[in-house]
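Okay, query-v9.txt is below, compact mmCIF, N, CA and C atoms:
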# COMPACT_ATOMS: atom_id res chain seq x y z
N MET K 1 12.42 -8.38 -15.51
CA MET K 1 11.73 -7.28 -14.88
C MET K 1 11.14 -6.38 -15.96
N SER K 2 9.92 -6.01 -15.78
CA SER K 2 9.21 -5.17 -16.72
C SER K 2 9.66 -3.72 -16.57
N PRO K 3 9.73 -2.96 -17.68
CA PRO K 3 10.13 -1.55 -17.58
C PRO K 3 9.11 -0.70 -16.81
N LEU K 4 7.86 -1.10 -16.84
CA LEU K 4 6.82 -0.40 -16.10
C LEU K 4 6.14 -1.39 -15.16
N PRO K 5 6.07 -1.11 -13.88
CA PRO K 5 5.44 -2.04 -12.94
C PRO K 5 4.01 -2.40 -13.37
N GLY K 6 3.71 -3.70 -13.34
CA GLY K 6 2.37 -4.16 -13.67
C GLY K 6 2.08 -4.24 -15.16
N TRP K 7 3.08 -4.02 -16.02
CA TRP K 7 2.87 -4.05 -17.47
C TRP K 7 3.76 -5.11 -18.08
N ASN K 8 3.18 -6.01 -18.88
CA ASN K 8 3.95 -7.05 -19.55
C ASN K 8 4.46 -6.55 -20.89
N VAL K 9 5.74 -6.76 -21.14
CA VAL K 9 6.32 -6.38 -22.43
C VAL K 9 5.69 -7.22 -23.54
N ILE K 10 5.55 -8.51 -23.30
CA ILE K 10 4.91 -9.40 -24.26
C ILE K 10 3.59 -9.84 -23.66
N PRO K 11 2.48 -9.49 -24.29
CA PRO K 11 1.17 -9.80 -23.71
C PRO K 11 0.87 -11.29 -23.75
N PRO K 12 0.00 -11.76 -22.87
CA PRO K 12 -0.41 -13.17 -22.90
C PRO K 12 -1.01 -13.53 -24.26
N GLY K 13 -0.72 -14.75 -24.74
CA GLY K 13 -1.26 -15.20 -26.01
C GLY K 13 -0.53 -14.68 -27.23
N TRP K 14 0.61 -14.01 -27.04
CA TRP K 14 1.34 -13.41 -28.16
C TRP K 14 1.75 -14.45 -29.19
N ALA K 15 2.36 -15.57 -28.75
CA ALA K 15 2.83 -16.59 -29.70
C ALA K 15 1.65 -17.22 -30.44
N GLU K 16 0.59 -17.54 -29.72
CA GLU K 16 -0.58 -18.14 -30.35
C GLU K 16 -1.19 -17.20 -31.39
N HIS K 17 -1.17 -15.91 -31.10
CA HIS K 17 -1.71 -14.91 -32.02
C HIS K 17 -0.93 -14.90 -33.34
N HIS K 18 0.38 -15.13 -33.29
CA HIS K 18 1.22 -15.07 -34.48
C HIS K 18 1.36 -16.40 -35.21
N GLN K 19 0.90 -17.50 -34.64
CA GLN K 19 1.03 -18.80 -35.30
C GLN K 19 0.39 -18.85 -36.68
N PRO K 20 -0.79 -18.29 -36.91
CA PRO K 20 -1.37 -18.36 -38.26
C PRO K 20 -0.50 -17.68 -39.33
N THR K 21 0.18 -16.61 -38.97
CA THR K 21 1.08 -15.94 -39.92
C THR K 21 2.22 -16.87 -40.30
N ASN K 22 2.81 -17.52 -39.32
CA ASN K 22 3.90 -18.46 -39.56
C ASN K 22 3.42 -19.63 -40.41
N GLU K 23 2.28 -20.19 -40.05
CA GLU K 23 1.76 -21.35 -40.77
C GLU K 23 1.38 -21.01 -42.21
N GLY K 24 1.09 -19.75 -42.48
CA GLY K 24 0.78 -19.34 -43.84
C GLY K 24 1.96 -19.45 -44.79
N THR K 25 3.16 -19.48 -44.25
CA THR K 25 4.37 -19.62 -45.08
C THR K 25 4.76 -21.08 -45.28
N GLN K 26 4.07 -21.99 -44.63
CA GLN K 26 4.40 -23.42 -44.70
C GLN K 26 3.52 -24.07 -45.76
N THR K 27 4.05 -24.17 -46.97
CA THR K 27 3.24 -24.59 -48.11
C THR K 27 3.63 -25.94 -48.69
N ALA K 28 4.68 -26.57 -48.18
CA ALA K 28 5.12 -27.86 -48.72
C ALA K 28 4.58 -28.99 -47.84
N GLU K 29 3.91 -29.95 -48.46
CA GLU K 29 3.37 -31.09 -47.72
C GLU K 29 4.51 -32.01 -47.31
N ALA K 30 4.52 -32.40 -46.04
CA ALA K 30 5.59 -33.24 -45.51
C ALA K 30 5.02 -34.40 -44.72
N VAL K 31 5.79 -35.49 -44.70
CA VAL K 31 5.46 -36.66 -43.90
C VAL K 31 6.65 -36.94 -43.00
N PHE K 32 6.41 -36.98 -41.70
CA PHE K 32 7.44 -37.29 -40.72
C PHE K 32 7.39 -38.79 -40.46
N LYS K 33 8.54 -39.45 -40.58
CA LYS K 33 8.59 -40.90 -40.38
C LYS K 33 9.64 -41.27 -39.35
N ARG K 34 9.36 -42.35 -38.64
CA ARG K 34 10.31 -42.92 -37.68
C ARG K 34 10.73 -44.27 -38.23
N ILE K 35 12.04 -44.45 -38.35
CA ILE K 35 12.57 -45.70 -38.85
C ILE K 35 12.66 -46.67 -37.68
N SER K 36 11.99 -47.81 -37.81
CA SER K 36 12.00 -48.77 -36.71
C SER K 36 13.31 -49.54 -36.71
N GLY K 37 13.68 -50.03 -35.55
CA GLY K 37 14.93 -50.75 -35.42
C GLY K 37 14.78 -52.25 -35.54
N GLY K 38 13.55 -52.73 -35.75
CA GLY K 38 13.33 -54.17 -35.79
C GLY K 38 13.69 -54.79 -37.13
N PRO K 39 13.70 -56.11 -37.17
CA PRO K 39 14.02 -56.79 -38.43
C PRO K 39 12.87 -56.68 -39.42
N ALA K 40 13.18 -56.83 -40.68
CA ALA K 40 12.17 -56.78 -41.72
C ALA K 40 11.26 -58.00 -41.63
N PRO K 41 9.97 -57.83 -41.90
CA PRO K 41 9.07 -58.98 -41.88
C PRO K 41 9.34 -59.90 -43.06
N TYR K 42 8.96 -61.16 -42.90
CA TYR K 42 9.14 -62.09 -44.00
C TYR K 42 7.82 -62.78 -44.28
N PRO K 43 7.40 -62.86 -45.49
CA PRO K 43 8.02 -62.26 -46.67
C PRO K 43 7.86 -60.75 -46.66
N LEU K 44 8.78 -60.07 -47.30
CA LEU K 44 8.80 -58.61 -47.30
C LEU K 44 7.59 -58.06 -48.06
N PRO K 45 6.71 -57.28 -47.39
CA PRO K 45 5.55 -56.71 -48.08
C PRO K 45 6.00 -55.71 -49.14
N PRO K 46 5.22 -55.58 -50.22
CA PRO K 46 5.57 -54.61 -51.26
C PRO K 46 5.63 -53.20 -50.69
N GLY K 47 6.68 -52.47 -51.01
CA GLY K 47 6.83 -51.08 -50.59
C GLY K 47 7.24 -50.91 -49.15
N TRP K 48 7.56 -51.99 -48.43
CA TRP K 48 7.94 -51.87 -47.02
C TRP K 48 9.32 -51.23 -46.90
N ASP K 49 9.44 -50.24 -46.02
CA ASP K 49 10.75 -49.60 -45.81
C ASP K 49 11.11 -49.50 -44.33
N GLY K 50 10.33 -50.11 -43.47
CA GLY K 50 10.64 -50.09 -42.04
C GLY K 50 10.28 -48.80 -41.34
N ALA K 51 9.57 -47.91 -42.03
CA ALA K 51 9.25 -46.60 -41.45
C ALA K 51 7.80 -46.55 -40.99
N GLU K 52 7.58 -45.81 -39.92
CA GLU K 52 6.24 -45.59 -39.38
C GLU K 52 5.92 -44.10 -39.52
N VAL K 53 4.79 -43.77 -40.14
CA VAL K 53 4.38 -42.37 -40.26
C VAL K 53 3.94 -41.89 -38.88
N ILE K 54 4.56 -40.80 -38.41
CA ILE K 54 4.20 -40.27 -37.10
C ILE K 54 3.49 -38.92 -37.17
N TRP K 55 3.60 -38.22 -38.32
CA TRP K 55 2.97 -36.91 -38.43
C TRP K 55 2.97 -36.48 -39.88
N SER K 56 1.92 -35.82 -40.30
CA SER K 56 1.85 -35.16 -41.60
C SER K 56 1.52 -33.70 -41.34
N ALA K 57 2.24 -32.81 -41.99
CA ALA K 57 2.01 -31.38 -41.79
C ALA K 57 2.57 -30.61 -42.97
N ASN K 58 2.11 -29.39 -43.16
CA ASN K 58 2.74 -28.50 -44.12
C ASN K 58 3.95 -27.85 -43.45
N VAL K 59 5.04 -27.70 -44.21
CA VAL K 59 6.28 -27.16 -43.68
C VAL K 59 6.86 -26.13 -44.64
N ARG K 60 7.88 -25.42 -44.17
CA ARG K 60 8.68 -24.52 -45.00
C ARG K 60 10.11 -25.06 -44.98
N VAL K 61 10.75 -25.12 -46.14
CA VAL K 61 12.11 -25.65 -46.25
C VAL K 61 13.04 -24.52 -46.69
N GLN K 62 14.15 -24.38 -45.96
CA GLN K 62 15.09 -23.29 -46.24
C GLN K 62 16.51 -23.83 -46.13
N GLU K 63 17.32 -23.64 -47.17
CA GLU K 63 18.71 -24.09 -47.12
C GLU K 63 19.49 -23.22 -46.15
N LEU K 64 20.37 -23.84 -45.37
CA LEU K 64 21.17 -23.11 -44.37
C LEU K 64 22.57 -22.75 -44.86
N LYS K 65 22.91 -23.10 -46.08
CA LYS K 65 24.24 -22.79 -46.66
C LYS K 65 25.36 -23.43 -45.86
N ARG K 66 25.08 -24.63 -45.33
CA ARG K 66 26.11 -25.39 -44.61
C ARG K 66 26.26 -26.73 -45.31
N GLU K 67 27.43 -26.96 -45.86
CA GLU K 67 27.69 -28.22 -46.54
C GLU K 67 28.83 -28.94 -45.86
N GLY K 68 28.79 -30.25 -45.96
CA GLY K 68 29.85 -31.06 -45.39
C GLY K 68 30.34 -32.07 -46.41
N ARG K 69 31.63 -32.22 -46.47
CA ARG K 69 32.24 -33.22 -47.33
C ARG K 69 33.23 -33.99 -46.48
N GLY K 70 33.29 -35.26 -46.71
CA GLY K 70 34.21 -36.08 -45.95
C GLY K 70 34.35 -37.44 -46.59
N GLU K 71 35.00 -38.30 -45.85
CA GLU K 71 35.18 -39.66 -46.31
C GLU K 71 34.97 -40.59 -45.13
N HIS K 72 34.06 -41.54 -45.30
CA HIS K 72 33.76 -42.50 -44.25
C HIS K 72 33.86 -43.89 -44.86
N ALA K 73 34.66 -44.74 -44.26
CA ALA K 73 34.88 -46.10 -44.74
C ALA K 73 35.28 -46.09 -46.22
N ASP K 74 36.20 -45.19 -46.55
CA ASP K 74 36.71 -45.04 -47.92
C ASP K 74 35.65 -44.64 -48.93
N GLN K 75 34.54 -44.07 -48.46
CA GLN K 75 33.49 -43.60 -49.34
C GLN K 75 33.33 -42.09 -49.17
N PRO K 76 33.42 -41.32 -50.25
CA PRO K 76 33.21 -39.87 -50.12
C PRO K 76 31.76 -39.58 -49.78
N THR K 77 31.54 -38.57 -48.94
CA THR K 77 30.19 -38.17 -48.57
C THR K 77 30.01 -36.68 -48.81
N HIS K 78 28.77 -36.29 -49.07
CA HIS K 78 28.44 -34.88 -49.29
C HIS K 78 27.06 -34.64 -48.69
N THR K 79 26.98 -33.75 -47.71
CA THR K 79 25.71 -33.44 -47.05
C THR K 79 25.44 -31.94 -47.09
N ARG K 80 24.16 -31.59 -46.94
CA ARG K 80 23.76 -30.17 -46.89
C ARG K 80 22.70 -30.04 -45.82
N GLU K 81 22.77 -28.94 -45.03
CA GLU K 81 21.81 -28.72 -43.95
C GLU K 81 20.68 -27.79 -44.38
N TYR K 82 19.50 -28.06 -43.84
CA TYR K 82 18.30 -27.28 -44.12
C TYR K 82 17.58 -26.98 -42.81
N LEU K 83 16.84 -25.88 -42.80
CA LEU K 83 15.92 -25.56 -41.71
C LEU K 83 14.53 -25.90 -42.22
N ILE K 84 13.86 -26.79 -41.51
CA ILE K 84 12.49 -27.15 -41.86
C ILE K 84 11.59 -26.69 -40.72
N SER K 85 10.69 -25.76 -41.05
CA SER K 85 9.78 -25.18 -40.06
C SER K 85 8.41 -25.82 -40.20
N ALA K 86 7.87 -26.29 -39.07
CA ALA K 86 6.57 -26.95 -39.02
C ALA K 86 5.66 -26.19 -38.06
N PRO K 87 4.36 -26.48 -38.10
CA PRO K 87 3.45 -25.82 -37.16
C PRO K 87 3.77 -26.19 -35.71
N ALA K 88 3.33 -25.34 -34.79
CA ALA K 88 3.46 -25.67 -33.37
C ALA K 88 2.58 -26.87 -33.09
N GLY K 89 2.97 -27.64 -32.10
CA GLY K 89 2.22 -28.85 -31.77
C GLY K 89 2.84 -30.06 -32.44
N GLY K 90 2.06 -31.09 -32.59
CA GLY K 90 2.57 -32.31 -33.19
C GLY K 90 3.24 -33.20 -32.16
N PRO K 91 3.60 -34.41 -32.57
CA PRO K 91 4.19 -35.37 -31.63
C PRO K 91 5.65 -35.06 -31.35
N PRO K 92 6.23 -35.69 -30.34
CA PRO K 92 7.67 -35.55 -30.12
C PRO K 92 8.43 -36.10 -31.34
N ILE K 93 9.47 -35.39 -31.73
CA ILE K 93 10.29 -35.78 -32.88
C ILE K 93 11.68 -36.12 -32.38
N ARG K 94 12.21 -37.25 -32.80
CA ARG K 94 13.56 -37.65 -32.41
C ARG K 94 14.57 -36.94 -33.29
N SER K 95 15.69 -36.55 -32.68
CA SER K 95 16.75 -35.90 -33.44
C SER K 95 18.08 -36.57 -33.12
N GLY K 96 19.07 -36.29 -33.95
CA GLY K 96 20.39 -36.84 -33.74
C GLY K 96 20.70 -37.97 -34.70
N GLU K 97 21.65 -38.81 -34.32
CA GLU K 97 22.11 -39.90 -35.19
C GLU K 97 20.97 -40.83 -35.59
N GLN K 98 20.04 -41.09 -34.69
CA GLN K 98 18.88 -41.94 -34.98
C GLN K 98 17.63 -41.08 -35.14
N GLY K 99 17.80 -39.89 -35.69
CA GLY K 99 16.70 -38.95 -35.81
C GLY K 99 15.63 -39.39 -36.79
N ASP K 100 14.44 -38.84 -36.60
CA ASP K 100 13.34 -39.11 -37.50
C ASP K 100 13.65 -38.50 -38.87
N VAL K 101 12.87 -38.92 -39.86
CA VAL K 101 13.10 -38.49 -41.24
C VAL K 101 11.88 -37.72 -41.71
N ILE K 102 12.12 -36.61 -42.40
CA ILE K 102 11.05 -35.81 -42.98
C ILE K 102 11.12 -35.97 -44.50
N HIS K 103 10.03 -36.46 -45.10
CA HIS K 103 9.94 -36.59 -46.55
C HIS K 103 9.18 -35.38 -47.07
N VAL K 104 9.85 -34.57 -47.87
CA VAL K 104 9.22 -33.37 -48.41
C VAL K 104 9.92 -33.00 -49.73
N LEU K 105 9.16 -32.50 -50.67
CA LEU K 105 9.69 -32.05 -51.96
C LEU K 105 10.50 -33.14 -52.67
N GLY K 106 10.10 -34.39 -52.49
CA GLY K 106 10.78 -35.49 -53.15
C GLY K 106 12.12 -35.86 -52.55
N ARG K 107 12.43 -35.33 -51.37
CA ARG K 107 13.71 -35.61 -50.71
C ARG K 107 13.44 -36.15 -49.32
N SER K 108 14.48 -36.76 -48.73
CA SER K 108 14.42 -37.25 -47.35
C SER K 108 15.45 -36.50 -46.53
N PHE K 109 15.00 -35.89 -45.43
CA PHE K 109 15.86 -35.11 -44.55
C PHE K 109 15.87 -35.77 -43.18
N ARG K 110 17.07 -36.01 -42.62
CA ARG K 110 17.18 -36.57 -41.27
C ARG K 110 17.24 -35.42 -40.28
N VAL K 111 16.42 -35.47 -39.24
CA VAL K 111 16.38 -34.43 -38.22
C VAL K 111 17.60 -34.58 -37.31
N ILE K 112 18.43 -33.52 -37.23
CA ILE K 112 19.60 -33.58 -36.35
C ILE K 112 19.42 -32.75 -35.09
N SER K 113 18.50 -31.76 -35.11
CA SER K 113 18.23 -31.00 -33.89
C SER K 113 16.92 -30.24 -34.06
N GLU K 114 16.36 -29.86 -32.92
CA GLU K 114 15.16 -29.02 -32.90
C GLU K 114 15.47 -27.80 -32.06
N GLN K 115 15.14 -26.60 -32.57
CA GLN K 115 15.37 -25.39 -31.81
C GLN K 115 14.17 -25.12 -30.91
N PHE K 116 14.46 -24.63 -29.72
CA PHE K 116 13.41 -24.35 -28.75
C PHE K 116 13.48 -22.89 -28.32
N GLY K 117 12.35 -22.34 -27.93
CA GLY K 117 12.29 -20.98 -27.42
C GLY K 117 11.15 -20.88 -26.44
N SER K 118 11.16 -19.81 -25.66
CA SER K 118 10.11 -19.65 -24.65
C SER K 118 8.77 -19.26 -25.28
N LEU K 119 8.80 -18.55 -26.39
CA LEU K 119 7.57 -18.19 -27.10
C LEU K 119 7.69 -18.69 -28.53
N ALA K 120 7.13 -19.85 -28.81
CA ALA K 120 7.31 -20.47 -30.12
C ALA K 120 6.10 -20.25 -31.01
N TRP K 121 6.34 -19.82 -32.24
CA TRP K 121 5.28 -19.69 -33.24
C TRP K 121 5.09 -21.03 -33.94
N GLY K 122 6.14 -21.82 -33.96
CA GLY K 122 6.12 -23.11 -34.65
C GLY K 122 7.28 -23.94 -34.16
N ARG K 123 7.63 -24.96 -34.93
CA ARG K 123 8.74 -25.85 -34.59
C ARG K 123 9.77 -25.76 -35.70
N ASP K 124 11.02 -25.56 -35.33
CA ASP K 124 12.11 -25.47 -36.29
C ASP K 124 13.07 -26.64 -36.11
N PHE K 125 13.30 -27.37 -37.21
CA PHE K 125 14.18 -28.53 -37.20
C PHE K 125 15.37 -28.28 -38.11
N THR K 126 16.58 -28.54 -37.61
CA THR K 126 17.76 -28.54 -38.47
C THR K 126 17.88 -29.96 -38.99
N CYS K 127 17.98 -30.08 -40.31
CA CYS K 127 17.97 -31.39 -40.94
C CYS K 127 19.14 -31.51 -41.91
N VAL K 128 19.50 -32.76 -42.22
CA VAL K 128 20.58 -33.04 -43.15
C VAL K 128 20.01 -33.77 -44.36
N ASP K 129 20.41 -33.30 -45.52
CA ASP K 129 20.12 -33.98 -46.77
C ASP K 129 21.42 -34.65 -47.20
N ASN K 130 21.42 -35.97 -47.24
CA ASN K 130 22.61 -36.72 -47.63
C ASN K 130 22.61 -36.78 -49.15
N LEU K 131 23.45 -35.97 -49.79
CA LEU K 131 23.49 -35.89 -51.24
C LEU K 131 24.19 -37.08 -51.87
N THR K 132 24.99 -37.78 -51.08
CA THR K 132 25.70 -38.95 -51.59
C THR K 132 24.77 -40.14 -51.69
N GLN K 133 23.94 -40.32 -50.68
CA GLN K 133 23.02 -41.45 -50.62
C GLN K 133 21.79 -40.99 -49.88
N GLN K 134 20.66 -40.92 -50.57
CA GLN K 134 19.43 -40.44 -49.93
C GLN K 134 19.08 -41.29 -48.73
N ASN K 135 18.56 -40.62 -47.68
CA ASN K 135 18.14 -41.30 -46.44
C ASN K 135 16.99 -42.26 -46.75
N PRO K 136 16.76 -43.23 -45.83
CA PRO K 136 15.65 -44.15 -46.05
C PRO K 136 14.30 -43.45 -45.93

Kindly present the structure from the file in structure tokens form.
Amino acid sequence: MSPLPGWNVIPPGWAEHHQPTNEGTQTAEAVFKRISGGPAPYPLPPGWDGAEVIWSANVRVQELKREGRGEHADQPTHTREYLISAPAGGPPIRSGEQGDVIHVLGRSFRVISEQFGSLAWGRDFTCVDNLTQQNP
């Protein structure tokens, strides 16, 4: 409910108006890739990694100060979470255990979740950097 009848607290087009400001902070070139589940072709083409490029965009990368250490199958693991902000729009991005991968700043980040809001300036992805073994 609006505090004044007939007056919108947030005017129409507010998010779209602020998108250029958000996008101005996204200065790192990134490539979003989807890892296919099919078998490798034979003979294996040079440089083939089973990934399909689904989007290229400039992004902002921010460490979330969340680290994880554990042991899986008798192998120690070390991961760190990051917030990667991309422009509004773009294709659907998969998240979770089989999440898409973002290649940026010479690293590979697996998308584990995407934050949503009613008025979005951009897209925010929580990603994991596997410090023990870089993602594909």

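Taking CA of His78 (chain K) and CA of Val128 (chain K) as the two end points, the separation is 10.1 Å.
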
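When atom C of Glu67 (chain K) is paired with CA of Val104 (chain K), their separation reads 20.3 Å.
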
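Residue nearest Asn22 (chain K), chosen from K:Pro87, K:Leu131, K:Pro5, K:Gly106 and counting all atoms listed in the file: K:Pro87.
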
Can I get the residues of region 39-120 of chain K within 6 Å of region 24-35 of chain K, each with the closest pair of atoms and their distance in Å to one decimal, using only N, CA and C atoms, sorted chain first then ascending number, as JSON lines?
{"residue": "K:Gly50", "atom": "C", "partner": "K:Ile35", "partner_atom": "CA", "distance": 4.6}
{"residue": "K:Ala51", "atom": "CA", "partner": "K:Arg34", "partner_atom": "C", "distance": 4.2}
{"residue": "K:Glu52", "atom": "N", "partner": "K:Arg34", "partner_atom": "C", "distance": 3.9}
{"residue": "K:Val53", "atom": "CA", "partner": "K:Lys33", "partner_atom": "CA", "distance": 4.5}
{"residue": "K:Ile54", "atom": "N", "partner": "K:Phe32", "partner_atom": "C", "distance": 4.0}
{"residue": "K:Trp55", "atom": "C", "partner": "K:Phe32", "partner_atom": "N", "distance": 3.9}
{"residue": "K:Ser56", "atom": "CA", "partner": "K:Ala30", "partner_atom": "C", "distance": 4.5}
{"residue": "K:Ala57", "atom": "C", "partner": "K:Ala30", "partner_atom": "N", "distance": 4.1}
{"residue": "K:Asn58", "atom": "CA", "partner": "K:Ala28", "partner_atom": "C", "distance": 4.2}
{"residue": "K:Val59", "atom": "C", "partner": "K:Gln26", "partner_atom": "CA", "distance": 3.7}
{"residue": "K:Arg60", "atom": "N", "partner": "K:Gln26", "partner_atom": "CA", "distance": 4.0}
{"residue": "K:Asp100", "atom": "CA", "partner": "K:Lys33", "partner_atom": "C", "distance": 4.7}
{"residue": "K:Val101", "atom": "C", "partner": "K:Lys33", "partner_atom": "N", "distance": 3.9}
{"residue": "K:Ile102", "atom": "CA", "partner": "K:Phe32", "partner_atom": "CA", "distance": 4.5}
{"residue": "K:His103", "atom": "N", "partner": "K:Val31", "partner_atom": "C", "distance": 4.0}
{"residue": "K:Val104", "atom": "CA", "partner": "K:Ala30", "partner_atom": "CA", "distance": 4.6}
{"residue": "K:Leu105", "atom": "N", "partner": "K:Glu29", "partner_atom": "C", "distance": 5.8}

Point to revise | Computed interatomic separation between atom N of Gly47 (chain K) and atom C of Ile93 (chain K) (Å) | key: 25.3 Å

Taking only all heavy atoms, show region 11-19 of chain K of the given structure as a CSV table (one decimal), in the first residue's frame.
chain,number,residue,atom,x,y,z
K,11,PRO,N,8.9,4.6,-8.9
K,11,PRO,CA,8.3,5.0,-10.1
K,11,PRO,C,8.5,3.9,-11.2
K,11,PRO,O,9.5,3.1,-11.1
K,11,PRO,CB,8.9,6.3,-10.5
K,11,PRO,CG,10.2,6.3,-9.8
K,11,PRO,CD,10.0,5.5,-8.5
K,12,PRO,N,7.6,3.8,-12.2
K,12,PRO,CA,7.8,2.9,-13.3
K,12,PRO,C,9.2,3.1,-14.0
K,12,PRO,O,9.6,4.3,-14.1
K,12,PRO,CB,6.7,3.2,-14.2
K,12,PRO,CG,5.7,3.9,-13.4
K,12,PRO,CD,6.4,4.6,-12.4
K,13,GLY,N,9.8,2.0,-14.4
K,13,GLY,CA,11.1,2.2,-15.1
K,13,GLY,C,12.3,2.4,-14.2
K,13,GLY,O,13.4,2.7,-14.6
K,14,TRP,N,12.1,2.3,-12.8
K,14,TRP,CA,13.2,2.6,-11.9
K,14,TRP,C,14.4,1.7,-12.1
K,14,TRP,O,15.5,2.2,-12.1
K,14,TRP,CB,12.6,2.5,-10.5
K,14,TRP,CG,13.6,2.8,-9.4
K,14,TRP,CD1,13.9,4.0,-8.9
K,14,TRP,CD2,14.4,1.9,-8.6
K,14,TRP,NE1,14.8,3.9,-7.9
K,14,TRP,CE2,15.2,2.6,-7.7
K,14,TRP,CE3,14.6,0.5,-8.7
K,14,TRP,CZ2,16.1,2.0,-6.9
K,14,TRP,CZ3,15.4,-0.1,-7.8
K,14,TRP,CH2,16.2,0.7,-6.9
K,15,ALA,N,14.2,0.4,-12.2
K,15,ALA,CA,15.3,-0.6,-12.3
K,15,ALA,C,16.0,-0.3,-13.6
K,15,ALA,O,17.2,-0.3,-13.7
K,15,ALA,CB,14.8,-2.0,-12.2
K,16,GLU,N,15.3,-0.2,-14.7
K,16,GLU,CA,15.9,0.1,-16.0
K,16,GLU,C,16.7,1.3,-16.0
K,16,GLU,O,17.8,1.4,-16.6
K,16,GLU,CB,14.8,0.1,-17.1
K,16,GLU,CG,14.1,-1.2,-17.4
K,16,GLU,CD,13.0,-1.4,-16.4
K,16,GLU,OE1,12.6,-0.6,-15.5
K,16,GLU,OE2,12.4,-2.5,-16.4
K,17,HIS,N,16.3,2.4,-15.3
K,17,HIS,CA,17.0,3.6,-15.2
K,17,HIS,C,18.3,3.4,-14.5
K,17,HIS,O,19.3,4.1,-14.9
K,17,HIS,CB,16.1,4.6,-14.4
K,17,HIS,CG,16.8,5.9,-14.2
K,17,HIS,ND1,17.0,6.9,-15.2
K,17,HIS,CD2,17.4,6.4,-13.1
K,17,HIS,CE1,17.7,7.9,-14.7
K,17,HIS,NE2,17.9,7.7,-13.4
K,18,HIS,N,18.4,2.5,-13.5
K,18,HIS,CA,19.7,2.3,-12.8
K,18,HIS,C,20.6,1.3,-13.4
K,18,HIS,O,21.7,1.1,-12.9
K,18,HIS,CB,19.3,2.0,-11.3
K,18,HIS,CG,18.8,3.2,-10.6
K,18,HIS,ND1,17.5,3.6,-10.6
K,18,HIS,CD2,19.4,4.1,-9.8
K,18,HIS,CE1,17.3,4.7,-9.9
K,18,HIS,NE2,18.5,5.0,-9.4
K,19,GLN,N,20.1,0.5,-14.4
K,19,GLN,CA,21.0,-0.5,-14.9
K,19,GLN,C,22.3,0.0,-15.5
K,19,GLN,O,23.3,-0.6,-15.3
K,19,GLN,CB,20.2,-1.3,-16.0
K,19,GLN,CG,19.2,-2.3,-15.4
K,19,GLN,CD,18.4,-3.0,-16.5
K,19,GLN,OE1,18.6,-2.7,-17.7
K,19,GLN,NE2,17.5,-3.8,-16.1
